[in-house]
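Just data-v8.pdb here, PDB, C-alpha atoms:
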ATOM      1  CA  MET A   1       0.000   0.000   0.000  1.00  0.00           C
ATOM      2  CA  GLY A   2       1.089   3.532  -0.509  1.00  0.00           C
ATOM      3  CA  ILE A   3       0.128   7.171  -0.140  1.00  0.00           C
ATOM      4  CA  TYR A   4      -2.273   8.925  -2.512  1.00  0.00           C
ATOM      5  CA  SER A   5      -3.385  12.526  -2.821  1.00  0.00           C
ATOM      6  CA  ILE A   6      -6.553  14.093  -4.209  1.00  0.00           C
ATOM      7  CA  ARG A   7      -7.731  17.657  -4.651  1.00  0.00           C
ATOM      8  CA  SER A   8      -9.855  18.678  -1.679  1.00  0.00           C
ATOM      9  CA  SER A   9     -11.844  21.154  -3.782  1.00  0.00           C
ATOM     10  CA  ASP A  10     -13.549  18.529  -5.941  1.00  0.00           C
ATOM     11  CA  GLY A  11     -12.249  15.077  -4.906  1.00  0.00           C
ATOM     12  CA  ARG A  12     -10.545  14.573  -8.267  1.00  0.00           C
ATOM     13  CA  GLY A  13      -6.946  14.328  -9.361  1.00  0.00           C
ATOM     14  CA  LEU A  14      -6.133  11.076  -7.571  1.00  0.00           C
ATOM     15  CA  ARG A  15      -2.357  10.604  -7.642  1.00  0.00           C
ATOM     16  CA  ARG A  16      -0.193   7.853  -6.177  1.00  0.00           C
ATOM     17  CA  ILE A  17       2.747   9.323  -4.276  1.00  0.00           C
ATOM     18  CA  THR A  18       4.342   6.173  -2.787  1.00  0.00           C
ATOM     19  CA  SER A  19       4.138   2.425  -3.266  1.00  0.00           C
ATOM     20  CA  ASN A  20       5.114  -0.126  -0.630  1.00  0.00           C
ATOM     21  CA  PRO A  21       4.125  -3.643  -1.797  1.00  0.00           C
ATOM     22  CA  GLY A  22       3.635  -5.963   1.179  1.00  0.00           C
ATOM     23  CA  GLY A  23       3.920  -3.098   3.669  1.00  0.00           C
ATOM     24  CA  HIS A  24       2.205   0.211   4.184  1.00  0.00           C
ATOM     25  CA  ASP A  25       3.016   3.898   4.288  1.00  0.00           C
ATOM     26  CA  SER A  26       1.220   6.180   6.769  1.00  0.00           C
ATOM     27  CA  PRO A  27       1.245   9.894   5.878  1.00  0.00           C
ATOM     28  CA  SER A  28       2.007  12.282   8.720  1.00  0.00           C
ATOM     29  CA  ASP A  29       2.458  15.895   7.655  1.00  0.00           C
ATOM     30  CA  TYR A  30       3.044  18.154   4.659  1.00  0.00           C
ATOM     31  CA  SER A  31       6.082  20.416   4.669  1.00  0.00           C
ATOM     32  CA  PRO A  32       5.221  24.088   5.268  1.00  0.00           C
ATOM     33  CA  ASP A  33       5.683  24.838   1.560  1.00  0.00           C
ATOM     34  CA  GLY A  34       3.414  21.903   0.603  1.00  0.00           C
ATOM     35  CA  ARG A  35       6.070  20.293  -1.614  1.00  0.00           C
ATOM     36  CA  ARG A  36       7.007  17.278   0.560  1.00  0.00           C
ATOM     37  CA  ILE A  37       5.408  14.796   2.925  1.00  0.00           C
ATOM     38  CA  VAL A  38       6.905  13.076   5.969  1.00  0.00           C
ATOM     39  CA  PHE A  39       5.528   9.583   6.540  1.00  0.00           C
ATOM     40  CA  THR A  40       6.141   6.316   8.351  1.00  0.00           C
ATOM     41  CA  ARG A  41       7.009   3.272   6.263  1.00  0.00           C
ATOM     42  CA  PHE A  42       6.192  -0.163   7.685  1.00  0.00           C
ATOM     43  CA  ASP A  43       8.088  -3.143   6.233  1.00  0.00           C
ATOM     44  CA  PRO A  44       6.775  -6.481   7.597  1.00  0.00           C
ATOM     45  CA  SER A  45       9.743  -8.364   6.107  1.00  0.00           C
ATOM     46  CA  ARG A  46      12.064  -6.706   8.636  1.00  0.00           C
ATOM     47  CA  PRO A  47      12.528  -8.158  12.133  1.00  0.00           C
ATOM     48  CA  ASP A  48      10.004  -7.178  14.808  1.00  0.00           C
ATOM     49  CA  ARG A  49      10.713  -3.779  16.435  1.00  0.00           C
ATOM     50  CA  SER A  50      12.894  -2.715  13.519  1.00  0.00           C
ATOM     51  CA  ASN A  51      10.212  -2.547  10.846  1.00  0.00           C
ATOM     52  CA  GLU A  52       9.298   1.166  10.897  1.00  0.00           C
ATOM     53  CA  ALA A  53      11.207   4.252   9.790  1.00  0.00           C
ATOM     54  CA  LEU A  54      10.397   7.837   8.804  1.00  0.00           C
ATOM     55  CA  PHE A  55      10.725   8.898   5.172  1.00  0.00           C
ATOM     56  CA  VAL A  56      10.269  12.128   3.221  1.00  0.00           C
ATOM     57  CA  VAL A  57       9.048  12.286  -0.374  1.00  0.00           C
ATOM     58  CA  ASN A  58       8.122  15.049  -2.827  1.00  0.00           C
ATOM     59  CA  VAL A  59       4.361  15.262  -3.500  1.00  0.00           C
ATOM     60  CA  ASP A  60       4.975  14.143  -7.083  1.00  0.00           C
ATOM     61  CA  GLY A  61       6.516  10.884  -5.770  1.00  0.00           C
ATOM     62  CA  THR A  62      10.141  11.760  -6.519  1.00  0.00           C
ATOM     63  CA  GLY A  63      12.981  12.267  -4.063  1.00  0.00           C
ATOM     64  CA  LEU A  64      12.145   9.447  -1.641  1.00  0.00           C
ATOM     65  CA  ARG A  65      14.545   9.642   1.336  1.00  0.00           C
ATOM     66  CA  GLN A  66      14.725   7.601   4.540  1.00  0.00           C
ATOM     67  CA  ILE A  67      15.404  10.020   7.411  1.00  0.00           C
ATOM     68  CA  THR A  68      15.538   7.694  10.444  1.00  0.00           C
ATOM     69  CA  PRO A  69      17.092   4.261  10.838  1.00  0.00           C
ATOM     70  CA  TRP A  70      14.820   1.223  10.800  1.00  0.00           C
ATOM     71  CA  GLY A  71      13.360   0.760  14.269  1.00  0.00           C
ATOM     72  CA  LEU A  72      13.042   4.496  14.824  1.00  0.00           C
ATOM     73  CA  GLY A  73       9.633   5.287  13.466  1.00  0.00           C
ATOM     74  CA  ASN A  74       6.097   5.422  14.757  1.00  0.00           C
ATOM     75  CA  ASP A  75       3.282   4.249  12.506  1.00  0.00           C
ATOM     76  CA  GLU A  76       0.697   5.517  14.941  1.00  0.00           C
ATOM     77  CA  ALA A  77       2.027   9.038  15.345  1.00  0.00           C
ATOM     78  CA  GLY A  78       4.371   9.886  12.469  1.00  0.00           C
ATOM     79  CA  GLY A  79       6.214  13.194  12.307  1.00  0.00           C
ATOM     80  CA  SER A  80       5.392  16.893  12.438  1.00  0.00           C
ATOM     81  CA  TRP A  81       7.193  19.463  10.293  1.00  0.00           C
ATOM     82  CA  SER A  82       8.426  22.655  12.003  1.00  0.00           C
ATOM     83  CA  PRO A  83       6.911  25.873  10.608  1.00  0.00           C
ATOM     84  CA  ASP A  84      10.277  26.946   9.144  1.00  0.00           C
ATOM     85  CA  GLY A  85      10.726  23.539   7.439  1.00  0.00           C
ATOM     86  CA  ASP A  86      14.069  22.864   9.159  1.00  0.00           C
ATOM     87  CA  TRP A  87      13.011  20.090  11.575  1.00  0.00           C
ATOM     88  CA  ILE A  88      10.665  17.157  11.921  1.00  0.00           C
ATOM     89  CA  VAL A  89       9.668  16.181  15.462  1.00  0.00           C
ATOM     90  CA  PHE A  90       8.379  12.684  16.193  1.00  0.00           C
ATOM     91  CA  THR A  91       8.028  10.050  18.871  1.00  0.00           C
ATOM     92  CA  GLY A  92       9.755   6.713  18.654  1.00  0.00           C
ATOM     93  CA  PRO A  93      11.246   3.985  20.805  1.00  0.00           C
ATOM     94  CA  ASP A  94      13.607   5.256  23.497  1.00  0.00           C
ATOM     95  CA  ASN A  95      15.554   2.096  22.747  1.00  0.00           C
ATOM     96  CA  PRO A  96      14.873   0.562  19.296  1.00  0.00           C
ATOM     97  CA  ARG A  97      14.991  -2.905  20.899  1.00  0.00           C
ATOM     98  CA  ASP A  98      12.204  -2.038  23.350  1.00  0.00           C
ATOM     99  CA  SER A  99       9.150  -0.395  21.783  1.00  0.00           C
ATOM    100  CA  ARG A 100       7.413   0.076  25.158  1.00  0.00           C
ATOM    101  CA  ALA A 101       9.470   3.111  26.197  1.00  0.00           C
ATOM    102  CA  ILE A 102       8.845   6.097  23.918  1.00  0.00           C
ATOM    103  CA  ALA A 103      10.979   9.210  23.491  1.00  0.00           C
ATOM    104  CA  LEU A 104      10.724  12.527  21.672  1.00  0.00           C
ATOM    105  CA  TYR A 105      13.107  13.105  18.722  1.00  0.00           C
ATOM    106  CA  LYS A 106      13.896  15.686  16.082  1.00  0.00           C
ATOM    107  CA  VAL A 107      15.652  15.324  12.722  1.00  0.00           C
ATOM    108  CA  HIS A 108      16.309  17.496   9.667  1.00  0.00           C
ATOM    109  CA  PRO A 109      14.265  16.558   6.570  1.00  0.00           C
ATOM    110  CA  ASP A 110      17.459  15.264   4.904  1.00  0.00           C
ATOM    111  CA  GLY A 111      18.002  12.811   7.805  1.00  0.00           C
ATOM    112  CA  SER A 112      20.865  14.726   9.416  1.00  0.00           C
ATOM    113  CA  ALA A 113      21.174  15.871  13.051  1.00  0.00           C
ATOM    114  CA  LEU A 114      18.924  13.157  14.488  1.00  0.00           C
ATOM    115  CA  ALA A 115      18.654  13.861  18.228  1.00  0.00           C
ATOM    116  CA  LYS A 116      16.604  12.781  21.214  1.00  0.00           C
ATOM    117  CA  ILE A 117      14.852  15.662  23.000  1.00  0.00           C
ATOM    118  CA  PRO A 118      15.073  15.061  26.753  1.00  0.00           C
ATOM    119  CA  VAL A 119      11.771  15.615  28.548  1.00  0.00           C
ATOM    120  CA  ILE A 120      12.352  16.143  32.268  1.00  0.00           C
ATOM    121  CA  ILE A 121       9.841  16.982  34.984  1.00  0.00           C
ATOM    122  CA  GLY A 122      11.061  17.644  38.505  1.00  0.00           C
ATOM    123  CA  GLY A 123      14.525  16.332  37.656  1.00  0.00           C
ATOM    124  CA  VAL A 124      13.122  13.012  36.417  1.00  0.00           C
ATOM    125  CA  LYS A 125      13.150  11.889  32.774  1.00  0.00           C
ATOM    126  CA  VAL A 126       9.629  10.900  31.755  1.00  0.00           C
ATOM    127  CA  GLN A 127       8.087   8.715  29.073  1.00  0.00           C
ATOM    128  CA  VAL A 128       6.463  10.428  26.098  1.00  0.00           C
ATOM    129  CA  PHE A 129       3.484   8.835  24.322  1.00  0.00           C
ATOM    130  CA  GLY A 130       1.450   9.666  21.258  1.00  0.00           C
ATOM    131  CA  GLY A 131       2.448  12.144  18.639  1.00  0.00           C
ATOM    132  CA  ALA A 132       4.134  15.494  18.741  1.00  0.00           C
ATOM    133  CA  SER A 133       3.190  18.756  17.088  1.00  0.00           C
ATOM    134  CA  TRP A 134       5.041  22.071  16.639  1.00  0.00           C
ATOM    135  CA  SER A 135       3.522  25.345  17.779  1.00  0.00           C
ATOM    136  CA  PRO A 136       2.809  27.745  14.911  1.00  0.00           C
ATOM    137  CA  ASP A 137       5.926  29.788  15.748  1.00  0.00           C
ATOM    138  CA  GLY A 138       8.166  26.699  16.117  1.00  0.00           C
ATOM    139  CA  SER A 139       9.208  27.517  19.675  1.00  0.00           C
ATOM    140  CA  ARG A 140       7.190  24.821  21.488  1.00  0.00           C
ATOM    141  CA  ILE A 141       6.112  21.225  21.013  1.00  0.00           C
ATOM    142  CA  ALA A 142       2.875  19.571  22.182  1.00  0.00           C
ATOM    143  CA  PHE A 143       2.942  15.854  23.021  1.00  0.00           C
ATOM    144  CA  ALA A 144       1.202  13.199  25.101  1.00  0.00           C
ATOM    145  CA  LEU A 145       3.070  12.110  28.219  1.00  0.00           C
ATOM    146  CA  SER A 146       2.889   9.681  31.121  1.00  0.00           C
ATOM    147  CA  THR A 147       5.074   9.896  34.190  1.00  0.00           C
ATOM    148  CA  GLY A 148       4.447   6.206  34.950  1.00  0.00           C
ATOM    149  CA  GLY A 149       4.496   4.956  38.502  1.00  0.00           C
ATOM    150  CA  PRO A 150       2.048   3.078  40.681  1.00  0.00           C
ATOM    151  CA  PRO A 151      -1.716   3.476  40.082  1.00  0.00           C
ATOM    152  CA  GLY A 152      -2.895   6.842  41.286  1.00  0.00           C
ATOM    153  CA  SER A 153       0.588   8.394  41.173  1.00  0.00           C
ATOM    154  CA  SER A 154       0.985   8.589  37.401  1.00  0.00           C
ATOM    155  CA  VAL A 155       0.354  11.877  35.598  1.00  0.00           C
ATOM    156  CA  GLU A 156      -0.940  11.531  32.064  1.00  0.00           C
ATOM    157  CA  GLY A 157      -2.187  13.966  29.476  1.00  0.00           C
ATOM    158  CA  ILE A 158      -1.176  16.481  26.842  1.00  0.00           C
ATOM    159  CA  PHE A 159       1.878  18.585  27.691  1.00  0.00           C
ATOM    160  CA  VAL A 160       3.817  21.366  25.980  1.00  0.00           C
ATOM    161  CA  ALA A 161       7.516  22.173  26.247  1.00  0.00           C
ATOM    162  CA  ASN A 162      10.102  24.374  24.622  1.00  0.00           C
ATOM    163  CA  ALA A 163      11.629  22.851  21.497  1.00  0.00           C
ATOM    164  CA  ASP A 164      14.634  21.702  23.555  1.00  0.00           C
ATOM    165  CA  GLY A 165      12.396  19.803  26.031  1.00  0.00           C
ATOM    166  CA  SER A 166      12.604  22.405  28.807  1.00  0.00           C
ATOM    167  CA  ASP A 167       9.745  24.216  30.572  1.00  0.00           C
ATOM    168  CA  VAL A 168       7.326  21.264  30.475  1.00  0.00           C
ATOM    169  CA  GLN A 169       3.736  22.270  31.255  1.00  0.00           C
ATOM    170  CA  GLN A 170       0.647  20.082  31.534  1.00  0.00           C
ATOM    171  CA  VAL A 171      -2.297  21.139  29.354  1.00  0.00           C
ATOM    172  CA  THR A 172      -4.867  18.372  29.979  1.00  0.00           C
ATOM    173  CA  ASN A 173      -5.594  16.016  32.861  1.00  0.00           C
ATOM    174  CA  ALA A 174      -8.454  13.820  31.682  1.00  0.00           C
ATOM    175  CA  PRO A 175      -9.650  10.676  33.465  1.00  0.00           C
ATOM    176  CA  ILE A 176      -8.615   8.699  30.371  1.00  0.00           C
ATOM    177  CA  PHE A 177      -5.338   8.960  28.520  1.00  0.00           C
ATOM    178  CA  ASP A 178      -5.120  11.824  26.005  1.00  0.00           C
ATOM    179  CA  ALA A 179      -2.965  11.267  22.932  1.00  0.00           C
ATOM    180  CA  HIS A 180      -2.018  12.654  19.492  1.00  0.00           C
ATOM    181  CA  PRO A 181      -2.085  16.406  20.029  1.00  0.00           C
ATOM    182  CA  ASP A 182      -2.060  18.757  17.072  1.00  0.00           C
ATOM    183  CA  TRP A 183      -1.258  22.366  17.753  1.00  0.00           C
ATOM    184  CA  GLY A 184      -3.003  23.619  14.620  1.00  0.00           C
ATOM    185  CA  SER A 185      -2.253  26.826  12.776  1.00  0.00           C
ATOM    186  CA  HIS A 186      -3.404  29.376  15.334  1.00  0.00           C
ATOM    187  CA  PRO A 187      -0.854  31.676  16.974  1.00  0.00           C
ATOM    188  CA  LEU A 188       0.114  31.155  20.586  1.00  0.00           C
ATOM    189  CA  GLY A 189      -2.335  32.679  23.041  1.00  0.00           C
ATOM    190  CA  PRO A 190      -1.493  34.827  26.026  1.00  0.00           C
TER     191      PRO A 190
END

Would you put the structure from the file into structure tokens?
Amino acid sequence: MGIYSIRSSDGRGLRRITSNPGGHDSPSDYSPDGRRIVFTRFDPSRPDRSNEALFVVNVDGTGLRQITPWGLGNDEAGGSWSPDGDWIVFTGPDNPRDSRAIALYKVHPDGSALAKIPVIIGGVKVQVFGGASWSPDGSRIAFALSTGGPPGSSVEGIFVANADGSDVQQVTNAPIFDAHPDWGSHPLGP
């Protein structure tokens, strides 16, 4: 399976962008200029826990580029392009051999400068869940988080932090787990 696009104005102009026979590609986000897409590629022929990676492709299907190593992708959440087009933020395994612990990462669209973004609350590194989304000005990131711990002591919900992982602030505290935040295109409020 692959990724297709259609015109939203009339539902016509169906175009195949990617093809992944035997696997699937999950689109995540368009680049700010609308010329590229970041997506997660799933390859079932690869060993378990190393069968997902992030890719970037031009909307005409050319220029396919793998930007993370196999095992460092997230089919459920994908990636989010920074407003200036310089970074893609995503969640993936903290350790590619253990998909249960999730971390926050950033990478340039050409695959360079891959780095884990440390998320620390009260001096303790915490586990990030769900997707991540850039604020419209690119200064902050929204993501789902769980502090773990015994029942009743865990804090879960949507959080925001500076792009370097500092100044973590909780936004939601629902009785069920919140996941997959999307900041949207609105400017930051007061």

Q: List every protein, DNA or RNA residue that has an atom no more than 12 Å from (14.4, 10.3, -1.7) in the file's coordinate frame, counting all atoms listed in the file, and report them as a ChimeraX atom specification.
A: /A:17-18,36-38,54-67,109-111

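The space separating atom CA of A:Ser139 from atom CA of A:Ala179 comes to 20.6 Å.
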
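Each of A:Ala53, A:Ala161, A:Ala77, A:Val107 was compared to A:Ser28 using only C-alpha atoms, and A:Ala77 turns out to be the nearest.
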
Q: Excluding A:Ser19 and any residue of its chain fewer than 4 positions from it, enumerate the residues within 9 Å of it, using all atoms listed in the file, and give them as a PyMOL selection string.
A: chain A and resi 1-3+23-25

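Take atom CA of A:Val160 and atom CA of A:Arg35: the distance between them is 27.7 Å.
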
Q: Would you kindly return, as a list in words, each protein, DNA or RNA residue with an atom no farther than 8 Å from any atom of A:Gly92, considering only C-alpha atoms and excluding same-chain residues fewer than 5 positions away?
A: Leu72, Gly73, Asn74, Ser99, Ile102, Ala103, Leu104 and Tyr105 of chain A

Selected residues written out with C-alpha atoms, as a compact mmCIF listing (two decimals), in the frame of the given file:
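File produced: selection38.txt:
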# COMPACT_ATOMS: atom_id res chain seq x y z
CA LEU A 72 13.04 4.50 14.82
CA GLY A 73 9.63 5.29 13.47
CA ASN A 74 6.10 5.42 14.76
CA SER A 99 9.15 -0.40 21.78
CA ILE A 102 8.85 6.10 23.92
CA ALA A 103 10.98 9.21 23.49
CA LEU A 104 10.72 12.53 21.67
CA TYR A 105 13.11 13.10 18.72

Q) On this structure, which residues satisfy the PyMOL selection byres ((chain A and resi 166-173) around 10), written as a PyMOL selection string? A) chain A and resi 117-122+140-145+155-165+174-178

For C-alpha atoms, I'd like the residues from the last selection saved as a PDB file, in the coordinates of the input.
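File written: out-v9.pdb
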ATOM      1  CA  ILE A 117      14.852  15.662  23.000  1.00  0.00           C
ATOM      2  CA  PRO A 118      15.073  15.061  26.753  1.00  0.00           C
ATOM      3  CA  VAL A 119      11.771  15.615  28.548  1.00  0.00           C
ATOM      4  CA  ILE A 120      12.352  16.143  32.268  1.00  0.00           C
ATOM      5  CA  ILE A 121       9.841  16.982  34.984  1.00  0.00           C
ATOM      6  CA  GLY A 122      11.061  17.644  38.505  1.00  0.00           C
ATOM      7  CA  ARG A 140       7.190  24.821  21.488  1.00  0.00           C
ATOM      8  CA  ILE A 141       6.112  21.225  21.013  1.00  0.00           C
ATOM      9  CA  ALA A 142       2.875  19.571  22.182  1.00  0.00           C
ATOM     10  CA  PHE A 143       2.942  15.854  23.021  1.00  0.00           C
ATOM     11  CA  ALA A 144       1.202  13.199  25.101  1.00  0.00           C
ATOM     12  CA  LEU A 145       3.070  12.110  28.219  1.00  0.00           C
ATOM     13  CA  VAL A 155       0.354  11.877  35.598  1.00  0.00           C
ATOM     14  CA  GLU A 156      -0.940  11.531  32.064  1.00  0.00           C
ATOM     15  CA  GLY A 157      -2.187  13.966  29.476  1.00  0.00           C
ATOM     16  CA  ILE A 158      -1.176  16.481  26.842  1.00  0.00           C
ATOM     17  CA  PHE A 159       1.878  18.585  27.691  1.00  0.00           C
ATOM     18  CA  VAL A 160       3.817  21.366  25.980  1.00  0.00           C
ATOM     19  CA  ALA A 161       7.516  22.173  26.247  1.00  0.00           C
ATOM     20  CA  ASN A 162      10.102  24.374  24.622  1.00  0.00           C
ATOM     21  CA  ALA A 163      11.629  22.851  21.497  1.00  0.00           C
ATOM     22  CA  ASP A 164      14.634  21.702  23.555  1.00  0.00           C
ATOM     23  CA  GLY A 165      12.396  19.803  26.031  1.00  0.00           C
ATOM     24  CA  ALA A 174      -8.454  13.820  31.682  1.00  0.00           C
ATOM     25  CA  PRO A 175      -9.650  10.676  33.465  1.00  0.00           C
ATOM     26  CA  ILE A 176      -8.615   8.699  30.371  1.00  0.00           C
ATOM     27  CA  PHE A 177      -5.338   8.960  28.520  1.00  0.00           C
ATOM     28  CA  ASP A 178      -5.120  11.824  26.005  1.00  0.00           C
TER      29      ASP A 178
END

Q: Apply the PyMOL selection byres ((chain A and resi 51) around 6) to the structure shown and report the selected residues as a ChimeraX atom specification.
A: /A:42-43,46,49-50,52,70-71

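In this model, the gap between atom CA of A:Ile6 and atom CA of A:Gly130 comes to 27.1 Å.
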
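This file, filtered with the PyMOL selection byres ((chain A and resi 82) around 9), gives the residues Ser31, Pro32, Ser80, Trp81, Pro83, Asp84, Gly85, Asp86, Trp87, Ile88, Val89, Ser133, Trp134, Ser135, Pro136, Asp137 and Gly138 of chain A.
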
Write the residues of the preceding selection, restricted to C-alpha atoms, as an mmCIF file, in the coordinates of the input.
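Writing done, so here's result05.cif:
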data_model
loop_
_atom_site.group_PDB
_atom_site.id
_atom_site.type_symbol
_atom_site.label_atom_id
_atom_site.label_comp_id
_atom_site.auth_asym_id
_atom_site.auth_seq_id
_atom_site.Cartn_x
_atom_site.Cartn_y
_atom_site.Cartn_z
ATOM 1 C CA SER A 31 6.082 20.416 4.669
ATOM 2 C CA PRO A 32 5.221 24.088 5.268
ATOM 3 C CA SER A 80 5.392 16.893 12.438
ATOM 4 C CA TRP A 81 7.193 19.463 10.293
ATOM 5 C CA PRO A 83 6.911 25.873 10.608
ATOM 6 C CA ASP A 84 10.277 26.946 9.144
ATOM 7 C CA GLY A 85 10.726 23.539 7.439
ATOM 8 C CA ASP A 86 14.069 22.864 9.159
ATOM 9 C CA TRP A 87 13.011 20.090 11.575
ATOM 10 C CA ILE A 88 10.665 17.157 11.921
ATOM 11 C CA VAL A 89 9.668 16.181 15.462
ATOM 12 C CA SER A 133 3.190 18.756 17.088
ATOM 13 C CA TRP A 134 5.041 22.071 16.639
ATOM 14 C CA SER A 135 3.522 25.345 17.779
ATOM 15 C CA PRO A 136 2.809 27.745 14.911
ATOM 16 C CA ASP A 137 5.926 29.788 15.748
ATOM 17 C CA GLY A 138 8.166 26.699 16.117
#

As AutoDock Vina command-line options, what would the box around stretch 77-85 of chain A look like: edges along x, y and z, 3 Å added on every side, centre and edge lengths in Å to one decimal?
--center_x 6.4 --center_y 18.0 --center_z 11.4 --size_x 14.7 --size_y 23.9 --size_z 13.9
